[in-house]
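Novice: Please read through the structure below; I'll follow up with questions.
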Amino acid sequence: MLLFAGLGNTGKAFAGHRHNAGFMALDAIARDYRAPGSRARFQGLVTEIVLEGERVILLKPQTYMNESGRSAGEAARYYQIDPSRIVVFHDELDLPPGKVRVKTGGGNAGHNGLRSLTEHLGNEYRRVRIGIGHPGDKALVHNYVLSEFAKADIPWVEALCNAIAAHAGLLAKGEDEAFQCRIHQAMETAGFGKAALT
């Protein structure tokens, strides 16, 4: 069994925010794999799918970003899922828009959702880092992540979420490098290579 957790803030007012990239990715996976409707559990919204023969719990914490670990920790304890079997989807300032990297452990880089997860799960969970770019000035970061993607960004955001969903099976198999490569190829094919996003 695996736990896929998407990070974001709850409520319609936050739905299109950069900080909700993790929710957007998880929603795309749920849609592509025809997950049943979510139910309220573990201070979050939960549904499940089967990926590559693995049962996968999909969790969107409803605690707001900086308390995400409470929800994920509760789900992990209930299902007895080891941190190595937890995949977290989150926005990443330190990656260019449209880029995705997968890593296990590491620092939190000021991300309050990751900080909370590490407090409740330890540090050895897997992270799918979804690049949203950086506003260029640390003083602008708070407003940047808590604002909506620009209209011009929507096509690449949708293409990226679709690619993440299409290749999520590789994450279930632990093939993180292959997953990254497939996402890169999919974005290039969709016309969102590096040049198109700068």
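Residue numbers start at 1 in each chain; chains themselves are named A, B, ... in the order of the structure tokens; ligands are numbered from 1 in the order shown.
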If you run DSSP over the backbone, which residues in stretch 56-140 of chain A end up alpha helix (DSSP H)? Put them as a ChimeraX atom specification.
Specialist: /A:68-79,112-121
Novice: Would you save the residues from that selection as an mmCIF file, in the first residue's frame, using C-alpha atoms?
Specialist:
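Okay, this is what ended up in out.cif:
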```cif
data_model
loop_
_atom_site.group_PDB
_atom_site.id
_atom_site.type_symbol
_atom_site.label_atom_id
_atom_site.label_comp_id
_atom_site.auth_asym_id
_atom_site.auth_seq_id
_atom_site.Cartn_x
_atom_site.Cartn_y
_atom_site.Cartn_z
ATOM 1 C CA SER A 68 -0.500 19.067 6.726
ATOM 2 C CA GLY A 69 1.556 16.607 8.748
ATOM 3 C CA ARG A 70 -1.234 16.082 11.273
ATOM 4 C CA SER A 71 -3.476 14.697 8.530
ATOM 5 C CA ALA A 72 -0.788 12.665 6.735
ATOM 6 C CA GLY A 73 0.554 11.307 10.013
ATOM 7 C CA GLU A 74 -2.890 10.153 11.099
ATOM 8 C CA ALA A 75 -3.475 8.366 7.778
ATOM 9 C CA ALA A 76 -0.013 6.779 7.800
ATOM 10 C CA ARG A 77 -0.513 5.441 11.331
ATOM 11 C CA TYR A 78 -3.978 4.091 10.562
ATOM 12 C CA TYR A 79 -2.831 2.217 7.454
ATOM 13 C CA ASN A 112 5.707 24.973 5.939
ATOM 14 C CA GLY A 113 3.822 21.961 4.613
ATOM 15 C CA LEU A 114 7.011 19.908 4.365
ATOM 16 C CA ARG A 115 8.130 21.090 7.792
ATOM 17 C CA SER A 116 4.865 19.817 9.277
ATOM 18 C CA LEU A 117 5.120 16.497 7.427
ATOM 19 C CA THR A 118 8.658 15.959 8.664
ATOM 20 C CA GLU A 119 7.544 16.643 12.245
ATOM 21 C CA HIS A 120 4.860 13.948 12.000
ATOM 22 C CA LEU A 121 6.423 11.405 9.620
#
```
Novice: Pick out the residues sitting within 10 Å of A:Ala30, and hand them over as a ChimeraX atom specification; count only C-alpha atoms, and ignore anything fewer than 4 positions along from it in its own chain.
Specialist: /A:24-26,34-38,47-49,58,165
Novice: At a cut-off of 8 Å, using only C-alpha atoms, what residues contact stretch 183-187 of chain A? Leave out same-chain residues fewer than 5 positions from it and give the result as a list in words.
Specialist: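 Residues meeting the cut-off are Gly98, Lys99, Val100, Trp156, Ala159, Leu160, Ala163, Ile164, His167, Phe192 and Gly193 of chain A.
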Novice: Could you pull out all residues of stretch 36-149 of chain A with a DSSP call of strand (DSSP E or B) and give them as a ChimeraX atom specification?
Specialist: /A:39-41,44-51,54-61,86-92,100-104,126-131,148
Novice: Can you write just those residues out, C-alpha atoms, as a PDB file, in the first residue's frame?
Specialist:
```
ATOM      1  CA  ARG A  39     -14.721  11.204   1.972  1.00  0.00           C
ATOM      2  CA  ALA A  40     -13.684  13.146   5.057  1.00  0.00           C
ATOM      3  CA  ARG A  41     -11.135  11.200   7.110  1.00  0.00           C
ATOM      4  CA  GLY A  44      -8.458  15.426   5.108  1.00  0.00           C
ATOM      5  CA  LEU A  45     -10.258  14.228   1.992  1.00  0.00           C
ATOM      6  CA  VAL A  46      -9.497  10.615   1.113  1.00  0.00           C
ATOM      7  CA  THR A  47     -10.115   8.339  -1.831  1.00  0.00           C
ATOM      8  CA  GLU A  48      -8.152   5.460  -3.325  1.00  0.00           C
ATOM      9  CA  ILE A  49      -7.090   3.915  -6.593  1.00  0.00           C
ATOM     10  CA  VAL A  50      -5.058   0.960  -7.815  1.00  0.00           C
ATOM     11  CA  LEU A  51      -1.779   1.751  -9.592  1.00  0.00           C
ATOM     12  CA  GLU A  54      -0.751  -1.370  -5.691  1.00  0.00           C
ATOM     13  CA  ARG A  55      -3.512   0.039  -3.515  1.00  0.00           C
ATOM     14  CA  VAL A  56      -2.877   3.794  -3.310  1.00  0.00           C
ATOM     15  CA  ILE A  57      -4.571   6.076  -0.779  1.00  0.00           C
ATOM     16  CA  LEU A  58      -5.010   9.623  -2.124  1.00  0.00           C
ATOM     17  CA  LEU A  59      -5.061  12.260   0.608  1.00  0.00           C
ATOM     18  CA  LYS A  60      -5.661  16.010   0.499  1.00  0.00           C
ATOM     19  CA  PRO A  61      -5.117  17.380   4.023  1.00  0.00           C
ATOM     20  CA  ILE A  86       4.556   7.945   1.135  1.00  0.00           C
ATOM     21  CA  VAL A  87       4.741  10.247  -1.893  1.00  0.00           C
ATOM     22  CA  VAL A  88       4.070  13.951  -1.330  1.00  0.00           C
ATOM     23  CA  PHE A  89       3.222  16.325  -4.194  1.00  0.00           C
ATOM     24  CA  HIS A  90       4.098  19.971  -3.489  1.00  0.00           C
ATOM     25  CA  ASP A  91       4.984  23.292  -5.082  1.00  0.00           C
ATOM     26  CA  GLU A  92       8.699  24.107  -5.330  1.00  0.00           C
ATOM     27  CA  VAL A 100       9.513  18.175 -11.737  1.00  0.00           C
ATOM     28  CA  ARG A 101      12.058  16.476  -9.506  1.00  0.00           C
ATOM     29  CA  VAL A 102      11.590  13.532  -7.167  1.00  0.00           C
ATOM     30  CA  LYS A 103      13.707  13.117  -4.055  1.00  0.00           C
ATOM     31  CA  THR A 104      13.645  11.278  -0.754  1.00  0.00           C
ATOM     32  CA  ARG A 126       9.364  10.847  -1.164  1.00  0.00           C
ATOM     33  CA  ARG A 127       8.717  14.305  -2.558  1.00  0.00           C
ATOM     34  CA  VAL A 128       7.462  15.171  -6.032  1.00  0.00           C
ATOM     35  CA  ARG A 129       8.660  18.757  -6.316  1.00  0.00           C
ATOM     36  CA  ILE A 130       6.540  20.720  -8.792  1.00  0.00           C
ATOM     37  CA  GLY A 131       8.397  23.754 -10.089  1.00  0.00           C
ATOM     38  CA  GLU A 148      -3.153  32.450  -8.545  1.00  0.00           C
TER      39      GLU A 148
END
```
